[in-house]
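query_5.cif (mmCIF, C-alpha atoms and all ligand atoms; chains and numbers go by the auth columns)
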data_run
#
loop_
_atom_site.group_PDB
_atom_site.id
_atom_site.type_symbol
_atom_site.label_atom_id
_atom_site.label_comp_id
_atom_site.label_asym_id
_atom_site.label_seq_id
_atom_site.Cartn_x
_atom_site.Cartn_y
_atom_site.Cartn_z
_atom_site.B_iso_or_equiv
_atom_site.auth_seq_id
_atom_site.auth_asym_id
ATOM 1 C CA MET A 1 -11.320 6.001 -29.238 0.00 960 E
ATOM 2 C CA ASP A 2 -12.752 9.304 -28.195 0.00 961 E
ATOM 3 C CA ASP A 3 -10.637 11.697 -26.235 0.00 962 E
ATOM 4 C CA ILE A 4 -13.152 12.650 -23.583 0.00 963 E
ATOM 5 C CA LEU A 5 -11.456 12.349 -20.201 0.00 964 E
ATOM 6 C CA SER A 6 -13.162 9.413 -18.558 0.00 965 E
ATOM 7 C CA GLU A 7 -12.718 8.792 -14.848 0.00 966 E
ATOM 8 C CA GLU A 8 -10.446 5.911 -15.792 0.00 967 E
ATOM 9 C CA ASN A 9 -8.154 8.235 -17.779 0.00 968 E
ATOM 10 C CA ILE A 10 -8.020 10.693 -14.899 0.00 969 E
ATOM 11 C CA ARG A 11 -6.958 7.887 -12.552 0.00 970 E
ATOM 12 C CA THR A 12 -4.308 6.680 -15.047 0.00 971 E
ATOM 13 C CA ASP A 13 -2.792 10.172 -15.240 0.00 972 E
ATOM 14 C CA ALA A 14 -2.902 10.568 -11.460 0.00 973 E
ATOM 15 C CA ILE A 15 -1.139 7.207 -10.970 0.00 974 E
ATOM 16 C CA ALA A 16 1.612 8.168 -13.421 0.00 975 E
ATOM 17 C CA TYR A 17 2.074 11.395 -11.450 0.00 976 E
ATOM 18 C CA TYR A 18 2.056 9.556 -8.100 0.00 977 E
ATOM 19 C CA LEU A 19 4.714 7.086 -9.289 0.00 978 E
ATOM 20 C CA GLU A 20 6.942 9.939 -10.470 0.00 979 E
ATOM 21 C CA ALA A 21 6.429 12.176 -7.424 0.00 980 E
ATOM 22 C CA GLU A 22 8.743 11.873 -4.446 0.00 981 E
ATOM 23 C CA ARG A 23 6.448 9.505 -2.611 0.00 982 E
ATOM 24 C CA ILE A 24 8.474 6.347 -3.106 0.00 983 E
ATOM 25 C CA TYR A 25 11.881 5.803 -1.472 0.00 984 E
ATOM 26 C CA PRO A 26 14.487 5.264 -2.622 0.00 985 E
ATOM 27 C CA PRO A 27 13.805 7.424 -5.698 0.00 986 E
ATOM 28 C CA GLY A 28 14.536 6.155 -9.186 0.00 987 E
ATOM 29 C CA ILE A 29 13.156 2.622 -8.872 0.00 988 E
ATOM 30 C CA PRO A 30 12.668 1.482 -12.511 0.00 989 E
ATOM 31 C CA PHE A 31 9.102 1.138 -13.796 0.00 990 E
ATOM 32 C CA ASP A 32 9.682 -2.536 -14.597 0.00 991 E
ATOM 33 C CA HIS A 33 10.707 -3.297 -10.990 0.00 992 E
ATOM 34 C CA PRO A 34 8.395 -5.874 -9.318 0.00 993 E
ATOM 35 C CA PHE A 35 7.378 -3.382 -6.610 0.00 994 E
ATOM 36 C CA ILE A 36 6.419 -0.599 -9.034 0.00 995 E
ATOM 37 C CA LYS A 37 4.510 -3.053 -11.257 0.00 996 E
ATOM 38 C CA ALA A 38 2.559 -4.382 -8.259 0.00 997 E
ATOM 39 C CA LEU A 39 1.907 -0.917 -6.777 0.00 998 E
ATOM 40 C CA LYS A 40 0.647 0.360 -10.139 0.00 999 E
ATOM 41 C CA GLU A 41 -1.809 -2.528 -10.347 0.00 1000 E
ATOM 42 C CA VAL A 42 -3.050 -1.916 -6.778 0.00 1001 E
ATOM 43 C CA LEU A 43 -3.543 1.811 -7.480 0.00 1002 E
ATOM 44 C CA GLU A 44 -5.480 1.028 -10.666 0.00 1003 E
ATOM 45 C CA ARG A 45 -7.830 -1.362 -8.872 0.00 1004 E
ATOM 46 C CA LEU A 46 -8.483 0.337 -5.509 0.00 1005 E
ATOM 47 C CA PRO A 47 -11.960 1.791 -4.885 0.00 1006 E
ATOM 48 C CA ASP A 48 -12.004 5.589 -5.478 0.00 1007 E
ATOM 49 C CA ASP A 49 -12.270 6.623 -1.818 0.00 1008 E
ATOM 50 C CA ILE A 50 -9.328 4.429 -0.822 0.00 1009 E
ATOM 51 C CA TYR A 51 -7.279 5.555 -3.810 0.00 1010 E
ATOM 52 C CA TYR A 52 -7.660 9.165 -2.636 0.00 1011 E
ATOM 53 C CA ILE A 53 -6.454 8.212 0.870 0.00 1012 E
ATOM 54 C CA VAL A 54 -3.300 6.756 -0.708 0.00 1013 E
ATOM 55 C CA GLU A 55 -2.803 9.896 -2.801 0.00 1014 E
ATOM 56 C CA ASP A 56 -3.427 12.074 0.228 0.00 1015 E
ATOM 57 C CA LYS A 57 -1.207 10.522 2.858 0.00 1016 E
ATOM 58 C CA ILE A 58 0.627 7.320 1.981 0.00 1017 E
ATOM 59 C CA TRP A 59 4.337 7.139 1.202 0.00 1018 E
ATOM 60 C CA PHE A 60 6.168 3.924 0.239 0.00 1019 E
ATOM 61 C CA THR A 61 9.664 2.791 1.150 0.00 1020 E
ATOM 62 C CA VAL A 62 11.430 -0.246 -0.267 0.00 1021 E
ATOM 63 C CA GLU A 63 13.916 -1.691 2.223 0.00 1022 E
ATOM 64 C CA ASP A 64 16.584 -4.258 1.499 0.00 1023 E
ATOM 65 C CA ILE A 65 16.132 -6.079 4.807 0.00 1024 E
ATOM 66 C CA GLU A 66 14.888 -9.630 5.247 0.00 1025 E
ATOM 67 C CA THR A 67 12.591 -9.501 8.234 0.00 1026 E
ATOM 68 C CA MET A 68 9.012 -9.441 7.014 0.00 1027 E
ATOM 69 C CA TYR A 69 7.000 -8.635 3.903 0.00 1028 E
ATOM 70 C CA GLY A 70 5.786 -5.171 4.797 0.00 1029 E
ATOM 71 C CA ILE A 71 4.669 -2.825 7.545 0.00 1030 E
ATOM 72 C CA ASN A 72 2.314 0.166 7.790 0.00 1031 E
ATOM 73 C CA VAL A 73 3.843 2.945 9.901 0.00 1032 E
ATOM 74 C CA PRO A 74 1.387 5.725 10.781 0.00 1033 E
ATOM 75 C CA PHE A 75 2.702 9.104 11.891 0.00 1034 E
ATOM 76 C CA LYS A 76 0.272 11.517 13.483 0.00 1035 E
ATOM 77 C CA GLN A 77 1.306 14.615 15.325 0.00 1036 E
ATOM 78 C CA THR A 78 -0.292 17.895 16.220 0.00 1037 E
ATOM 79 C CA CYS A 79 2.215 20.716 16.183 0.00 1038 E
ATOM 80 C CA LEU A 80 1.774 23.162 19.057 0.00 1039 E
ATOM 81 C CA PRO A 81 1.927 25.919 20.038 0.00 1040 E
ATOM 82 C CA SER A 82 0.429 27.543 17.026 0.00 1041 E
ATOM 83 C CA GLU A 83 -2.522 29.813 16.349 0.00 1042 E
ATOM 84 C CA GLU A 84 -3.880 27.190 14.034 0.00 1043 E
ATOM 85 C CA ARG A 85 -3.387 23.588 15.008 0.00 1044 E
ATOM 86 C CA ILE A 86 -1.276 21.957 12.357 0.00 1045 E
ATOM 87 C CA GLU A 87 -1.890 18.271 12.121 0.00 1046 E
ATOM 88 C CA ILE A 88 0.481 16.006 10.282 0.00 1047 E
ATOM 89 C CA ASP A 89 -1.119 12.699 9.354 0.00 1048 E
ATOM 90 C CA ILE A 90 0.872 10.523 7.011 0.00 1049 E
ATOM 91 C CA VAL A 91 1.518 6.825 6.575 0.00 1050 E
ATOM 92 C CA ASN A 92 4.736 5.214 5.412 0.00 1051 E
ATOM 93 C CA ILE A 93 4.354 1.726 4.006 0.00 1052 E
ATOM 94 C CA ILE A 94 7.656 -0.127 3.985 0.00 1053 E
ATOM 95 C CA ILE A 95 8.007 -3.105 1.633 0.00 1054 E
ATOM 96 C CA PHE A 96 10.928 -5.434 2.372 0.00 1055 E
ATOM 97 C CA SER A 97 13.083 -7.393 -0.047 0.00 1056 E
ATOM 98 C CA GLU A 98 11.622 -10.680 1.193 0.00 1057 E
ATOM 99 C CA CYS A 99 8.288 -9.552 -0.283 0.00 1058 E
ATOM 100 C CA LEU A 100 9.861 -8.579 -3.608 0.00 1059 E
ATOM 101 C CA ARG A 101 10.939 -12.156 -4.235 0.00 1060 E
ATOM 102 C CA LEU A 102 7.313 -13.319 -4.238 0.00 1061 E
ATOM 103 C CA GLU A 103 5.275 -13.742 -7.407 0.00 1062 E
ATOM 104 C CA HIS A 104 3.559 -10.588 -8.733 0.00 1063 E
ATOM 105 C CA LYS A 105 0.128 -11.617 -7.448 0.00 1064 E
ATOM 106 C CA ALA A 106 1.394 -12.046 -3.873 0.00 1065 E
ATOM 107 C CA ILE A 107 3.200 -8.661 -3.964 0.00 1066 E
ATOM 108 C CA VAL A 108 -0.082 -7.052 -5.035 0.00 1067 E
ATOM 109 C CA GLY A 109 -1.675 -8.863 -2.070 0.00 1068 E
ATOM 110 C CA VAL A 110 0.922 -7.507 0.392 0.00 1069 E
ATOM 111 C CA ILE A 111 0.564 -3.915 -0.877 0.00 1070 E
ATOM 112 C CA SER A 112 -3.241 -3.995 -0.780 0.00 1071 E
ATOM 113 C CA HIS A 113 -3.052 -5.481 2.750 0.00 1072 E
ATOM 114 C CA GLU A 114 -0.680 -2.761 3.970 0.00 1073 E
ATOM 115 C CA ILE A 115 -2.927 -0.039 2.501 0.00 1074 E
ATOM 116 C CA ALA A 116 -5.889 -1.676 4.285 0.00 1075 E
ATOM 117 C CA HIS A 117 -4.032 -1.273 7.615 0.00 1076 E
ATOM 118 C CA THR A 118 -4.449 2.484 7.137 0.00 1077 E
ATOM 119 C CA ILE A 119 -8.207 1.954 7.543 0.00 1078 E
ATOM 120 C CA VAL A 120 -8.178 -0.928 10.048 0.00 1079 E
ATOM 121 C CA GLY A 121 -5.280 0.356 12.163 0.00 1080 E
ATOM 122 C CA TYR A 122 -3.489 -1.746 14.739 0.00 1081 E
ATOM 123 C CA PRO A 123 -5.927 -2.423 17.607 0.00 1082 E
ATOM 124 C CA LYS A 124 -5.041 -4.739 20.479 0.00 1083 E
ATOM 125 C CA ASP A 125 -5.576 -8.252 19.152 0.00 1084 E
ATOM 126 C CA PRO A 126 -2.977 -8.672 16.384 0.00 1085 E
ATOM 127 C CA LEU A 127 -4.407 -11.859 14.877 0.00 1086 E
ATOM 128 C CA SER A 128 -7.919 -10.463 14.462 0.00 1087 E
ATOM 129 C CA VAL A 129 -6.430 -7.265 13.014 0.00 1088 E
ATOM 130 C CA GLU A 130 -4.575 -9.244 10.372 0.00 1089 E
ATOM 131 C CA ARG A 131 -7.755 -11.120 9.473 0.00 1090 E
ATOM 132 C CA LEU A 132 -9.837 -7.904 9.310 0.00 1091 E
ATOM 133 C CA THR A 133 -7.156 -6.258 7.193 0.00 1092 E
ATOM 134 C CA ASP A 134 -7.147 -9.157 4.724 0.00 1093 E
ATOM 135 C CA GLU A 135 -10.957 -9.086 4.643 0.00 1094 E
ATOM 136 C CA LEU A 136 -10.984 -5.384 3.757 0.00 1095 E
ATOM 137 C CA ALA A 137 -8.503 -5.914 0.901 0.00 1096 E
ATOM 138 C CA ILE A 138 -10.692 -8.802 -0.311 0.00 1097 E
ATOM 139 C CA LYS A 139 -13.711 -6.464 -0.239 0.00 1098 E
ATOM 140 C CA TRP A 140 -11.766 -4.102 -2.535 0.00 1099 E
ATOM 141 C CA GLY A 141 -11.400 -6.967 -5.054 0.00 1100 E
ATOM 142 C CA PHE A 142 -8.029 -8.485 -4.112 0.00 1101 E
ATOM 143 C CA LYS A 143 -9.168 -11.988 -3.079 0.00 1102 E
ATOM 144 C CA ALA A 144 -6.852 -13.951 -5.409 0.00 1103 E
ATOM 145 C CA GLU A 145 -3.928 -11.732 -4.392 0.00 1104 E
ATOM 146 C CA ILE A 146 -4.589 -12.077 -0.636 0.00 1105 E
ATOM 147 C CA ASP A 147 -4.861 -15.856 -1.118 0.00 1106 E
ATOM 148 C CA ALA A 148 -1.517 -15.795 -2.985 0.00 1107 E
ATOM 149 C CA LYS A 149 0.075 -13.813 -0.122 0.00 1108 E
ATOM 150 C CA GLU A 150 -1.338 -16.171 2.517 0.00 1109 E
ATOM 151 C CA ALA A 151 -0.216 -19.264 0.602 0.00 1110 E
ATOM 152 C CA THR A 152 3.406 -18.106 0.918 0.00 1111 E
ATOM 153 C CA LYS A 153 3.089 -17.988 4.705 0.00 1112 E
ATOM 154 C CA VAL A 154 2.728 -21.728 5.041 0.00 1113 E
ATOM 155 C CA LYS A 155 6.476 -21.865 4.588 0.00 1114 E
ATOM 156 C CA ARG A 156 7.364 -19.070 6.955 0.00 1115 E
ATOM 157 C CA GLN A 157 6.527 -17.658 10.356 0.00 1116 E
ATOM 158 C CA GLY A 158 5.682 -14.177 11.397 0.00 1117 E
ATOM 159 C CA TYR A 159 3.016 -11.760 10.358 0.00 1118 E
ATOM 160 C CA SER A 160 3.065 -8.421 8.685 0.00 1119 E
HETATM 161 ZN ZN ZN B . -0.809 -6.843 8.482 0.00 1201 E
#
Represent the structure contained in this file as structure tokens.
Amino acid sequence: MDDILSEENIRTDAIAYYLEAERIYPPGIPFDHPFIKALKEVLERLPDDIYYIVEDKIWFTVEDIETMYGINVPFKQTCLPSEERIEIDIVNIIIFSECLRLEHKAIVGVISHEIAHTIVGYPKDPLSVERLTDELAIKWGFKAEIDAKEATKVKRQGYS
């Protein structure tokens, strides 16, 4: 092995830093936890431009509530008055315990789907939004994982 820093190595270091930074709540989730394992895989596989969006403005929260798999909560606010407009633009992705009971592949599917909501947003027609969001994650290379996520929904109702 040579020790030239390839782009892959740079991404690996950045992911390790992201997982240790205070971007995941609650803090101190072990590295062998199903959520951290799935998030690490998603971060490794995302296209570069999307990976940088995650690094730039996405936070994750793991909630012990059984309502849905996950939700993408955007927060955008311009702080005024101020000589320079300060714009806060962050996204909190909340992953619920119901999701964490799924197999690894389906958790990866949920996380990639929730990240895709950051790009697709939540326009008016919820069903078409969910389809477009899945399609974007599939375009990033997560087809098997989106299929695994969707297969679990046969047994349950609700969308996230
Ligand atoms: Zn969704």
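Every residue that the PyMOL selection byres (((chain E and resi 1017-1030) around 7) and not hetatm) selects in this file is listed here: Arg982, Ile983, Tyr984, Pro985, Val1013, Glu1014, Asp1015, Lys1016, Asn1031, Val1032, Ile1049, Val1050, Asn1051, Ile1052, Ile1053, Ile1054, Phe1055, Ser1056, Glu1057, Cys1058, Val1069, Glu1073 and Ser1119 of chain E.
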Residues within 12 Å of E:Ser1071, please, as a PyMOL selection string. Count all atoms listed in the file; anything in the same chain fewer than 6 positions from it doesn't count. chain E and resi 997-1006+1009-1010+1013+1029-1031+1052+1054+1064-1065+1077-1078+1092-1106+1108
Dump of C-alpha atoms for the selected residues, as a compact mmCIF listing (two decimals), in the coordinates of the input:
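Wrote again-v4.txt, looks like this:
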# COMPACT_ATOMS: atom_id res chain seq x y z
CA ALA E 997 2.56 -4.38 -8.26
CA LEU E 998 1.91 -0.92 -6.78
CA LYS E 999 0.65 0.36 -10.14
CA GLU E 1000 -1.81 -2.53 -10.35
CA VAL E 1001 -3.05 -1.92 -6.78
CA LEU E 1002 -3.54 1.81 -7.48
CA GLU E 1003 -5.48 1.03 -10.67
CA ARG E 1004 -7.83 -1.36 -8.87
CA LEU E 1005 -8.48 0.34 -5.51
CA PRO E 1006 -11.96 1.79 -4.88
CA ILE E 1009 -9.33 4.43 -0.82
CA TYR E 1010 -7.28 5.56 -3.81
CA VAL E 1013 -3.30 6.76 -0.71
CA GLY E 1029 5.79 -5.17 4.80
CA ILE E 1030 4.67 -2.82 7.54
CA ASN E 1031 2.31 0.17 7.79
CA ILE E 1052 4.35 1.73 4.01
CA ILE E 1054 8.01 -3.10 1.63
CA LYS E 1064 0.13 -11.62 -7.45
CA ALA E 1065 1.39 -12.05 -3.87
CA THR E 1077 -4.45 2.48 7.14
CA ILE E 1078 -8.21 1.95 7.54
CA THR E 1092 -7.16 -6.26 7.19
CA ASP E 1093 -7.15 -9.16 4.72
CA GLU E 1094 -10.96 -9.09 4.64
CA LEU E 1095 -10.98 -5.38 3.76
CA ALA E 1096 -8.50 -5.91 0.90
CA ILE E 1097 -10.69 -8.80 -0.31
CA LYS E 1098 -13.71 -6.46 -0.24
CA TRP E 1099 -11.77 -4.10 -2.54
CA GLY E 1100 -11.40 -6.97 -5.05
CA PHE E 1101 -8.03 -8.48 -4.11
CA LYS E 1102 -9.17 -11.99 -3.08
CA ALA E 1103 -6.85 -13.95 -5.41
CA GLU E 1104 -3.93 -11.73 -4.39
CA ILE E 1105 -4.59 -12.08 -0.64
CA ASP E 1106 -4.86 -15.86 -1.12
CA LYS E 1108 0.08 -13.81 -0.12
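Counting from atom CA of E:Lys1035, the distance to atom CA of E:Pro1082 is 15.8 Å.
Distance annotation: of E:Glu981, E:Glu1043, E:Asp1008, E:Glu1089, the residue with the minimal separation from ligand ZN 1201 (chain E) is E:Glu1089; atom set is only C-alpha atoms and all ligand atoms.
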For a test of reading the model, state the distance in Å between atom CA of E:Ala973 and atom CA of E:Asp1048, rounded to one decimal. 21.0 Å
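Atom CA of E:Gly1068 is positioned 12.5 Å from atom CA of E:Lys996.
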